[in-house]
file structure.txt (compact mmCIF, C-alpha atoms and all ligand atoms)
# COMPACT_ATOMS: atom_id res chain seq x y z
CA MET I 211 10.66 13.22 -27.01
CA GLY I 212 8.06 14.75 -29.24
CA PHE I 213 4.94 14.60 -27.10
CA ARG I 214 3.32 17.10 -24.80
CA ARG I 215 2.07 16.46 -21.32
CA ALA I 216 -0.11 18.52 -19.04
CA GLY I 217 1.87 20.24 -16.27
CA ARG I 218 0.56 17.97 -13.57
CA ILE I 219 1.59 14.89 -15.52
CA GLU I 220 5.00 16.49 -16.04
CA ALA I 221 5.29 16.49 -12.25
CA LEU I 222 5.12 12.69 -12.18
CA ASP I 223 8.05 10.41 -12.75
CA VAL I 224 8.49 6.70 -13.23
CA SER I 225 8.49 5.48 -9.65
CA GLU I 226 11.74 4.59 -7.95
CA ILE I 227 10.43 1.06 -7.44
CA VAL I 228 9.74 0.60 -11.16
CA ARG I 229 13.22 1.89 -12.01
CA LEU I 230 14.84 -0.39 -9.46
CA THR I 231 12.90 -3.38 -10.71
CA GLU I 232 13.96 -2.63 -14.28
CA THR I 233 17.63 -2.31 -13.31
CA ALA I 234 17.44 -5.58 -11.38
CA ALA I 235 15.81 -7.28 -14.40
CA GLN I 236 18.56 -6.00 -16.69
CA MET I 237 21.23 -7.27 -14.31
CA ARG I 238 19.48 -10.64 -14.12
CA SER I 239 19.34 -10.95 -17.90
CA ALA I 240 23.08 -10.24 -17.91
CA GLY I 241 23.46 -13.34 -15.74
CA ILE I 242 23.87 -11.60 -12.36
CA GLY I 243 21.99 -13.26 -9.49
CA ILE I 244 20.01 -10.58 -7.64
CA ALA I 245 18.59 -11.23 -4.18
CA ALA I 246 15.42 -9.16 -4.32
CA LEU I 247 13.85 -7.98 -1.07
CA SER I 248 11.79 -5.39 -2.84
CA THR I 249 8.53 -6.93 -3.97
CA GLY I 250 5.17 -5.63 -2.79
CA GLU I 251 3.16 -8.83 -2.93
CA PRO I 252 2.83 -12.02 -0.90
CA ASP I 253 4.78 -14.92 -2.44
CA PHE I 254 2.02 -17.49 -1.73
CA PRO I 255 0.05 -18.86 -4.68
CA THR I 256 -3.55 -17.84 -5.26
CA PRO I 257 -5.57 -20.58 -3.47
CA ASP I 258 -6.57 -23.50 -5.71
CA HIS I 259 -10.30 -23.14 -5.08
CA VAL I 260 -10.11 -19.53 -6.26
CA VAL I 261 -8.36 -20.49 -9.48
CA ALA I 262 -10.90 -23.28 -10.00
CA ALA I 263 -13.80 -20.84 -9.58
CA ALA I 264 -12.29 -18.52 -12.18
CA ASN I 265 -11.84 -21.45 -14.53
CA GLN I 266 -15.45 -22.50 -14.09
CA ALA I 267 -16.70 -18.94 -14.61
CA ALA I 268 -14.78 -18.67 -17.86
CA LEU I 269 -15.99 -22.05 -19.10
CA ALA I 270 -19.57 -21.12 -18.17
CA GLY I 271 -19.33 -18.09 -20.44
CA ARG I 272 -19.05 -15.43 -17.77
CA THR I 273 -16.70 -13.58 -20.04
CA ARG I 274 -18.65 -10.47 -20.95
CA TYR I 275 -18.75 -6.93 -19.62
CA THR I 276 -20.06 -6.72 -16.09
CA ALA I 277 -21.92 -3.78 -14.62
CA THR I 278 -19.46 -0.90 -14.33
CA ARG I 279 -19.71 -0.84 -10.55
CA GLY I 280 -19.17 -4.61 -10.29
CA THR I 281 -21.18 -7.82 -10.33
CA PRO I 282 -24.18 -7.75 -7.95
CA GLU I 283 -22.88 -10.95 -6.34
CA LEU I 284 -19.49 -9.53 -5.38
CA ARG I 285 -20.92 -6.16 -4.34
CA ASP I 286 -23.44 -7.88 -2.07
CA ILE I 287 -20.75 -9.95 -0.38
CA VAL I 288 -18.57 -6.91 0.24
CA ALA I 289 -21.55 -4.85 1.45
CA THR I 290 -22.74 -7.56 3.81
CA ALA I 291 -19.26 -8.01 5.27
CA CYS I 292 -19.05 -4.33 6.18
CA GLY I 293 -22.67 -3.83 7.18
CA GLY I 294 -23.51 -1.47 4.31
CA GLY I 295 -25.78 -1.51 1.28
CA SER I 296 -24.58 -2.71 -2.11
CA ASP I 297 -25.18 0.77 -3.57
CA GLU I 298 -22.36 1.88 -1.27
CA VAL I 299 -19.84 -0.43 -2.97
CA ILE I 300 -17.80 -0.13 -6.17
CA ILE I 301 -15.61 -2.91 -7.53
CA SER I 302 -12.58 -1.71 -9.46
CA THR I 303 -9.50 -3.02 -11.24
CA GLY I 304 -7.45 -3.24 -8.04
CA ALA I 305 -7.48 -1.04 -4.96
CA LYS I 306 -5.31 1.39 -6.86
CA GLN I 307 -8.11 2.18 -9.28
CA VAL I 308 -10.48 2.82 -6.38
CA LEU I 309 -8.07 5.51 -5.16
CA ALA I 310 -7.71 7.02 -8.60
CA ASN I 311 -11.48 7.02 -9.14
CA ALA I 312 -12.00 8.79 -5.83
CA MET I 313 -9.45 11.51 -6.50
CA LEU I 314 -10.56 12.07 -10.10
CA ALA I 315 -14.19 12.23 -9.00
CA THR I 316 -13.73 14.72 -6.17
CA LEU I 317 -10.72 16.99 -6.58
CA ASP I 318 -10.88 20.47 -8.06
CA PRO I 319 -7.59 22.00 -9.18
CA GLY I 320 -5.55 22.97 -6.12
CA ASP I 321 -7.59 20.97 -3.62
CA GLU I 322 -5.39 19.62 -0.86
CA VAL I 323 -5.03 16.03 0.28
CA ILE I 324 -3.21 15.29 3.54
CA VAL I 325 -0.83 12.39 3.08
CA PRO I 326 1.09 11.29 6.20
CA ALA I 327 4.68 10.25 5.39
CA PRO I 328 5.89 7.60 4.99
CA TRP I 329 3.21 7.05 2.35
CA TRP I 330 2.52 4.39 -0.21
CA THR I 331 4.19 5.73 -3.33
CA SER I 332 1.03 6.07 -5.40
CA TYR I 333 -0.89 8.45 -3.10
CA PRO I 334 0.88 11.72 -3.93
CA ASP I 335 1.09 10.91 -7.64
CA ILE I 336 -2.59 9.99 -7.92
CA VAL I 337 -3.52 13.22 -6.13
CA THR I 338 -1.26 15.22 -8.46
CA MET I 339 -2.60 13.44 -11.54
CA ALA I 340 -6.14 14.37 -10.47
CA GLY I 341 -5.14 18.03 -10.20
CA GLY I 342 -4.87 18.15 -6.41
CA ARG I 343 -1.99 19.06 -4.08
CA PRO I 344 -0.57 16.36 -1.83
CA ILE I 345 0.24 17.84 1.58
CA THR I 346 2.89 15.66 3.18
CA VAL I 347 3.05 15.46 6.97
CA PRO I 348 6.26 13.79 8.21
CA CYS I 349 5.53 11.10 10.80
CA PRO I 350 8.93 9.84 11.95
CA LEU I 351 9.84 6.58 13.64
CA GLU I 352 9.80 8.26 17.08
CA GLN I 353 6.00 8.63 16.77
CA GLY I 354 5.55 5.14 15.40
CA PHE I 355 5.21 6.50 11.84
CA LYS I 356 1.64 7.57 12.72
CA LEU I 357 -0.15 10.88 12.27
CA THR I 358 -1.09 12.57 15.55
CA ALA I 359 -4.26 14.54 16.20
CA ASP I 360 -2.23 17.75 16.62
CA GLN I 361 -0.46 17.22 13.31
CA LEU I 362 -3.77 16.63 11.58
CA ARG I 363 -5.31 19.78 13.01
CA ALA I 364 -2.28 21.84 11.96
CA ALA I 365 -2.34 20.48 8.39
CA ILE I 366 -6.01 21.24 7.64
CA THR I 367 -6.85 24.34 5.59
CA ASP I 368 -9.97 25.58 3.80
CA ARG I 369 -8.72 23.74 0.71
CA THR I 370 -8.33 20.34 2.41
CA ARG I 371 -10.55 17.76 0.75
CA TRP I 372 -9.22 14.45 2.01
CA LEU I 373 -7.08 12.82 4.66
CA ILE I 374 -5.55 9.55 3.42
CA LEU I 375 -4.82 6.95 6.10
CA ASN I 376 -3.21 3.60 5.41
CA THR I 377 -3.48 0.96 8.12
CA PRO I 378 -1.58 -1.40 8.22
CA SER I 379 0.89 0.79 6.39
CA ASN I 380 3.03 0.20 3.36
CA PRO I 381 5.95 0.87 3.95
CA SER I 382 6.16 1.33 7.74
CA GLY I 383 3.98 -1.53 9.01
CA ALA I 384 2.30 0.88 11.44
CA VAL I 385 -1.23 -0.09 12.51
CA TYR I 386 -3.52 2.55 14.03
CA SER I 387 -5.35 1.45 17.19
CA ALA I 388 -9.06 2.17 17.58
CA ALA I 389 -8.15 4.89 20.11
CA GLU I 390 -5.71 6.56 17.70
CA LEU I 391 -8.33 6.53 14.95
CA ALA I 392 -10.91 7.94 17.34
CA ALA I 393 -8.54 10.80 18.24
CA LEU I 394 -8.14 11.67 14.55
CA ALA I 395 -11.91 11.46 14.07
CA ASP I 396 -12.37 13.92 16.95
CA VAL I 397 -10.31 16.44 14.99
CA LEU I 398 -12.29 15.81 11.82
CA ASP I 399 -15.51 16.55 13.76
CA ASP I 400 -14.37 20.20 13.74
CA PHE I 401 -13.81 20.22 9.96
CA PRO I 402 -16.88 18.88 8.17
CA HIS I 403 -15.39 19.72 4.75
CA VAL I 404 -12.62 17.11 5.17
CA TRP I 405 -13.24 13.52 4.07
CA VAL I 406 -11.25 10.49 5.13
CA LEU I 407 -9.98 7.76 2.83
CA ALA I 408 -8.84 4.64 4.68
CA ASP I 409 -6.74 2.22 2.67
CA GLU I 410 -7.10 -1.07 4.54
CA ILE I 411 -5.69 -3.38 1.86
CA TYR I 412 -3.39 -5.08 4.43
CA GLN I 413 -6.23 -5.63 6.94
CA HIS I 414 -5.68 -9.38 7.05
CA ILE I 415 -1.92 -9.10 7.52
CA SER I 416 -2.05 -7.38 10.90
CA PHE I 417 -0.03 -8.81 13.81
CA VAL I 418 -1.94 -6.71 16.35
CA PRO I 419 -5.73 -6.34 16.61
CA PHE I 420 -6.90 -4.56 13.47
CA ALA I 421 -9.24 -1.57 13.84
CA SER I 422 -11.19 -0.45 10.77
CA VAL I 423 -11.81 3.27 10.37
CA ARG I 424 -15.39 2.33 9.54
CA GLU I 425 -15.93 1.06 13.08
CA ALA I 426 -13.58 3.35 15.00
CA ALA I 427 -15.01 6.49 13.38
CA GLY I 428 -18.39 5.29 12.18
CA ARG I 429 -20.02 8.67 12.68
CA LEU I 430 -17.93 9.97 9.76
CA ALA I 431 -19.42 7.35 7.40
CA GLU I 432 -21.05 10.04 5.24
CA ARG I 433 -17.59 11.41 4.37
CA MET I 434 -15.55 8.25 4.41
CA LEU I 435 -14.21 5.92 1.75
CA VAL I 436 -12.76 2.57 2.82
CA VAL I 437 -10.52 0.87 0.26
CA ASN I 438 -9.81 -2.83 0.34
CA GLY I 439 -9.47 -5.82 -1.99
CA VAL I 440 -8.26 -9.35 -2.52
CA SER I 441 -4.76 -8.53 -3.75
CA LYS I 442 -2.72 -8.96 -0.58
CA ALA I 443 -4.92 -11.13 1.67
CA TYR I 444 -5.52 -13.86 -0.92
CA SER I 445 -2.34 -13.45 -2.99
CA MET I 446 -4.35 -12.17 -5.95
CA THR I 447 -2.32 -9.13 -7.06
CA GLY I 448 -2.49 -10.13 -10.71
CA TRP I 449 -6.25 -10.62 -10.75
CA ARG I 450 -6.83 -6.90 -10.24
CA VAL I 451 -9.86 -6.70 -7.98
CA GLY I 452 -10.34 -4.06 -5.29
CA TRP I 453 -13.30 -2.18 -3.87
CA GLY I 454 -14.39 1.03 -2.26
CA ILE I 455 -17.11 1.40 0.38
CA GLY I 456 -18.57 4.86 0.82
CA PRO I 457 -21.68 7.00 0.58
CA LYS I 458 -23.81 6.33 -2.51
CA SER I 459 -23.25 9.81 -3.98
CA LEU I 460 -19.48 9.30 -3.93
CA ILE I 461 -19.73 5.75 -5.27
CA ASP I 462 -21.95 7.02 -8.11
CA ALA I 463 -19.39 9.70 -9.03
CA MET I 464 -16.57 7.14 -8.92
CA THR I 465 -18.63 4.80 -11.12
CA ALA I 466 -18.98 7.59 -13.68
CA VAL I 467 -15.19 8.01 -13.75
CA GLN I 468 -14.55 4.27 -13.98
CA GLY I 469 -17.13 3.97 -16.76
CA GLN I 470 -14.94 6.11 -18.99
CA ILE I 471 -11.65 4.42 -18.15
CA THR I 472 -11.93 0.66 -17.69
CA SER I 473 -15.66 -0.09 -17.29
CA GLY I 474 -16.22 -3.01 -14.92
CA ALA I 475 -13.35 -5.05 -13.50
CA SER I 476 -12.56 -8.40 -15.18
CA SER I 477 -15.60 -10.72 -15.05
CA VAL I 478 -13.52 -13.80 -14.38
CA SER I 479 -11.52 -12.05 -11.67
CA GLN I 480 -14.70 -10.94 -9.92
CA ALA I 481 -15.89 -14.55 -9.89
CA ALA I 482 -12.53 -15.50 -8.39
CA ALA I 483 -12.91 -12.79 -5.73
CA VAL I 484 -16.33 -14.19 -4.78
CA ALA I 485 -14.71 -17.59 -4.24
CA ALA I 486 -11.94 -16.02 -2.17
CA LEU I 487 -14.37 -14.17 0.10
CA THR I 488 -16.82 -17.04 0.54
CA GLY I 489 -14.35 -19.93 0.71
CA ASP I 490 -12.13 -21.23 3.51
CA GLN I 491 -10.78 -18.30 5.52
CA THR I 492 -8.36 -20.28 7.71
CA LEU I 493 -5.65 -19.63 5.14
CA LEU I 494 -5.64 -15.99 6.23
CA ASP I 495 -4.49 -16.97 9.73
CA GLU I 496 -2.00 -19.51 8.44
CA ARG I 497 -0.43 -17.06 6.03
CA ARG I 498 -0.34 -14.30 8.61
CA ASP I 499 1.53 -16.62 11.00
CA VAL I 500 4.11 -17.35 8.31
CA MET I 501 4.54 -13.63 7.70
CA ARG I 502 4.92 -12.97 11.44
CA ASN I 503 7.77 -15.49 11.66
CA ARG I 504 9.48 -13.93 8.68
CA ARG I 505 9.02 -10.48 10.15
CA ASP I 506 10.71 -11.56 13.38
CA ARG I 507 13.59 -13.12 11.46
CA VAL I 508 14.14 -9.99 9.37
CA VAL I 509 13.86 -7.50 12.23
CA ALA I 510 16.31 -9.47 14.39
CA ARG I 511 18.88 -9.64 11.62
CA LEU I 512 18.52 -5.97 10.72
CA ASN I 513 18.92 -4.81 14.30
CA ALA I 514 22.14 -6.82 14.54
CA ILE I 515 23.73 -4.53 11.92
CA ALA I 516 25.51 -1.51 13.39
CA GLY I 517 23.73 1.74 12.56
CA VAL I 518 20.46 0.07 11.61
CA ASN I 519 17.40 0.66 13.81
CA CYS I 520 14.40 -1.40 12.83
CA PRO I 521 11.15 -1.06 14.77
CA VAL I 522 8.88 -4.11 14.77
CA PRO I 523 6.22 -3.68 12.07
CA GLU I 524 2.73 -4.36 13.42
CA GLY I 525 1.30 -5.30 10.05
CA ALA I 526 1.79 -5.60 6.27
CA ILE I 527 4.84 -7.29 4.72
CA TYR I 528 7.64 -4.76 5.09
CA ALA I 529 10.43 -3.79 7.47
CA PHE I 530 11.28 -0.09 7.41
CA PRO I 531 14.54 0.42 9.30
CA ASN I 532 16.15 3.77 9.90
CA ILE I 533 19.70 3.64 8.52
CA GLU I 534 20.91 7.20 9.11
CA ALA I 535 23.60 6.10 11.59
CA ALA I 536 24.86 3.53 9.07
CA LEU I 537 24.95 6.14 6.30
CA ASP I 538 27.01 8.45 8.54
CA ARG I 539 29.46 5.70 9.36
CA LEU I 540 29.74 4.63 5.74
CA GLY I 541 30.06 8.17 4.41
CA ILE I 542 27.23 7.47 1.97
CA ALA I 543 25.13 10.55 1.24
CA SER I 544 21.63 9.10 1.03
CA ASP I 545 19.38 6.06 1.23
CA ALA I 546 19.07 6.14 -2.56
CA GLU I 547 22.85 5.98 -3.02
CA LEU I 548 23.05 3.09 -0.58
CA CYS I 549 20.34 1.21 -2.50
CA GLN I 550 22.20 1.77 -5.75
CA ALA I 551 25.43 0.47 -4.22
CA LEU I 552 23.65 -2.49 -2.65
CA LEU I 553 22.20 -3.42 -6.02
CA GLU I 554 25.34 -2.93 -8.08
CA THR I 555 27.92 -4.24 -5.63
CA ALA I 556 26.14 -6.60 -3.24
CA HIS I 557 23.45 -7.67 -5.73
CA VAL I 558 20.60 -7.17 -3.29
CA ALA I 559 17.53 -5.08 -4.17
CA VAL I 560 15.82 -2.96 -1.50
CA VAL I 561 13.89 0.30 -1.87
CA PRO I 562 15.05 3.66 -0.47
CA GLY I 563 12.81 5.40 2.07
CA ARG I 564 12.91 8.48 -0.17
CA ALA I 565 10.46 6.70 -2.50
CA PHE I 566 7.94 6.79 0.37
CA GLY I 567 8.61 10.35 1.51
CA SER I 568 10.85 9.26 4.40
CA PRO I 569 14.54 9.52 3.49
CA GLY I 570 17.04 7.80 5.79
CA HIS I 571 15.19 4.49 5.67
CA LEU I 572 15.13 1.31 3.61
CA ARG I 573 12.09 -0.77 2.78
CA LEU I 574 12.63 -4.50 2.77
CA SER I 575 9.81 -6.88 1.94
CA PHE I 576 9.63 -10.10 3.96
CA ALA I 577 7.31 -11.81 1.46
CA TYR I 578 10.05 -14.33 0.60
CA SER I 579 11.11 -17.80 1.66
CA ASP I 580 13.43 -18.04 4.68
CA ASP I 581 16.29 -19.02 2.36
CA ASP I 582 15.79 -15.99 0.14
CA LEU I 583 15.49 -13.72 3.16
CA ASP I 584 18.70 -15.13 4.62
CA LYS I 585 20.55 -14.73 1.34
CA GLY I 586 19.48 -11.10 0.90
CA LEU I 587 20.10 -10.14 4.52
CA THR I 588 23.52 -11.78 4.56
CA ARG I 589 24.54 -9.76 1.53
CA LEU I 590 23.14 -6.58 3.01
CA ALA I 591 24.79 -7.11 6.40
CA ARG I 592 28.10 -8.02 4.82
CA PHE I 593 28.07 -4.98 2.55
CA ILE I 594 27.29 -2.52 5.31
CA GLY I 595 29.69 -4.27 7.68
CA GLU I 596 32.56 -4.37 5.20
CA GLN I 597 32.07 -0.82 4.05
CA ALA I 598 31.98 0.37 7.64
CA HIS I 599 35.19 -1.53 8.30
CA ALA I 600 36.87 -0.11 5.22
CA GLY I 601 35.71 3.40 6.16
N1 LIG P 1 -2.65 0.29 -1.23
C1 LIG P 1 -1.46 -0.06 -0.72
C2 LIG P 1 -1.06 0.51 0.59
C3 LIG P 1 -0.61 -0.94 -1.41
O1 LIG P 1 0.57 -1.28 -0.89
C4 LIG P 1 -1.02 -1.44 -2.66
C5 LIG P 1 -0.13 -2.32 -3.45
O2 LIG P 1 1.06 -2.37 -3.27
C6 LIG P 1 -2.27 -1.06 -3.14
C7 LIG P 1 -3.06 -0.19 -2.42
C8 LIG P 1 -2.75 -1.52 -4.49
O3 LIG P 1 -3.53 -2.65 -4.41
P1 LIG P 1 -4.06 -3.34 -5.75
O4 LIG P 1 -2.99 -4.25 -6.22
O5 LIG P 1 -5.31 -4.05 -5.32
O6 LIG P 1 -4.33 -2.26 -6.74
call {"tool": "encode", "arguments": {"input": "structure.txt", "output": "structure tokens"}}
result
Amino acid sequence: MGFRRAGRIEALDVSEIVRLTETAAQMRSAGIGIAALSTGEPDFPTPDHVVAAANQAALAGRTRYTATRGTPELRDIVATACGGGSDEVIISTGAKQVLANAMLATLDPGDEVIVPAPWWTSYPDIVTMAGGRPITVPCPLEQGFKLTADQLRAAITDRTRWLILNTPSNPSGAVYSAAELAALADVLDDFPHVWVLADEIYQHISFVPFASVREAAGRLAERMLVVNGVSKAYSMTGWRVGWGIGPKSLIDAMTAVQGQITSGASSVSQAAAVAALTGDQTLLDERRDVMRNRRDRVVARLNAIAGVNCPVPEGAIYAFPNIEAALDRLGIASDAELCQALLETAHVAVVPGRAFGSPGHLRLSFAYSDDDLDKGLTRLARFIGEQAHAG
């Protein structure tokens, strides 16, 4: 088409998930019933008291620009919860914008960012967009999908600016223990030029004790950014509120970036986030218990399919089985081809591991009702079973 893009934007592509979602939508509008196991958000509604608080804020006229770095009220609540000062907090339009702000504010062309694979799809692209170089470190299932201290040490160069850690992880469900985080921090002690960005957006959907990088590696606080938000915990993905907690100098630089892109996050959404953080928290436990049951259901059914090896995710809302043995048996070349066939033939939507830097896997979300999970998994199992039989 007739427009020009900078080289680093040329390197980006519409994400595999977006493409898949669009294909599924087209098939649906053609009257084909798709069983989607691909979404990246809890299916619960936003709690009523949160919606009511937003309504009240809007009716009370809280509908104007807020301070770029967020309303004092929300920043104070976030700061108090993590034991920091409110000048160490920025509120952004979703956790994703926090990440983008951080990379745009800190990366010089060619700076390296260590991204353990499997990664959340946006990390490498945000790094690339900001002019940096994502350095992928494969962390296979055999090591629990987690970066080891030795791998970290080997990946660091003079150009390394950041290590990105995601715990609990999208897509693998891996959760780093305090000891594992401490071991990584020990390595970073030897490399004071490397900062750590911890994306803890799934903190409240952890089925094992959650360890925050801020506590496990507190001595690195002066070169640490913790990313979190209301999107996943409170089923508020559409409200677009996330935050970053880090040293004031970094938060100031990120505020400067945000000030030229979106300004402050939505005023009404920030009022809603205040209600979420200060209201009844028992829903977090209740919703986590529901997710745990769904996880168990999905993992059991996946492991019953020949050639599928699904470890038990310790957190988040995804199963990430290895399917290499199934691909071999089916004579299908890749995870992406299998996903295409599953969509077109079995009418079930799942995401290939390739989209997360770990080919040979599938990502299935368990943020669905039991009935929807059963429908999707039955189709998936039948397809793989039948194909294997035919082959
Ligand atoms: N980080 C991870 C690991 C995610 O999975 C997501 C959403 O899928 C985000 C960040 C983005 O969160 P938000 O919707 O608050 O921008």
call {"tool": "residues_near_ligand", "arguments": {"input": "structure.txt", "ligand": "ligand LIG 1 (chain P)", "cutoff": "6 Å", "atoms": "only C-alpha atoms and all ligand atoms", "output": "list in words"}}
result
Gly250, Gly304, Ala305, Lys306, Trp330, Asn380, Asp409, Ile411, Gly439, Ser441, Thr447, Arg450, Val451 and Gly452 of chain I
call {"tool": "atom_distance", "arguments": {"input": "structure.txt", "atom1": "atom CA of I:Val436", "atom2": "atom CA of I:Ala221"}}
result
27.3 Å
call {"tool": "atom_distance", "arguments": {"input": "structure.txt", "atom1": "atom CA of I:Glu410", "atom2": "atom CA of I:Val437"}}
result
5.8 Å
call {"tool": "residues_around", "arguments": {"input": "structure.txt", "residues": "stretch 499-511 of chain I", "least_positions_apart": "3", "cutoff": "8 Å", "atoms": "only C-alpha atoms", "output": "list in words"}}
result
Ile415, Phe417, Asp495, Glu496, Ala514, Ile515, Cys520, Pro521, Val522, Pro523, Ile527, Tyr528, Ala529, Phe576, Ala577, Asp580, Leu583 and Leu587 of chain I
call {"tool": "residues_around", "arguments": {"input": "structure.txt", "residues": "I:Ala365", "least_positions_apart": "2", "cutoff": "12 Å", "atoms": "only C-alpha atoms", "output": "PyMOL selection string"}}
result
chain I and resi 322-326+344-348+357-363+367-373+397-398+401+404
call {"tool": "residues_around", "arguments": {"input": "structure.txt", "residues": "I:Gly293", "least_positions_apart": "4", "cutoff": "12 Å", "atoms": "only C-alpha atoms", "output": "tab-separated table (two decimals) with C-alpha atoms, in the frame of the given file"}}
result
chain	number	residue	atom	x	y	z
I	285	ARG	CA	-20.92	-6.16	-4.34
I	286	ASP	CA	-23.44	-7.88	-2.07
I	287	ILE	CA	-20.75	-9.95	-0.38
I	288	VAL	CA	-18.57	-6.91	0.24
I	289	ALA	CA	-21.55	-4.85	1.45
I	297	ASP	CA	-25.18	0.77	-3.57
I	298	GLU	CA	-22.36	1.88	-1.27
I	299	VAL	CA	-19.84	-0.43	-2.97
I	424	ARG	CA	-15.39	2.33	9.54
I	425	GLU	CA	-15.93	1.06	13.08
I	428	GLY	CA	-18.39	5.29	12.18
I	431	ALA	CA	-19.42	7.35	7.40
I	455	ILE	CA	-17.11	1.40	0.38
I	456	GLY	CA	-18.57	4.86	0.82
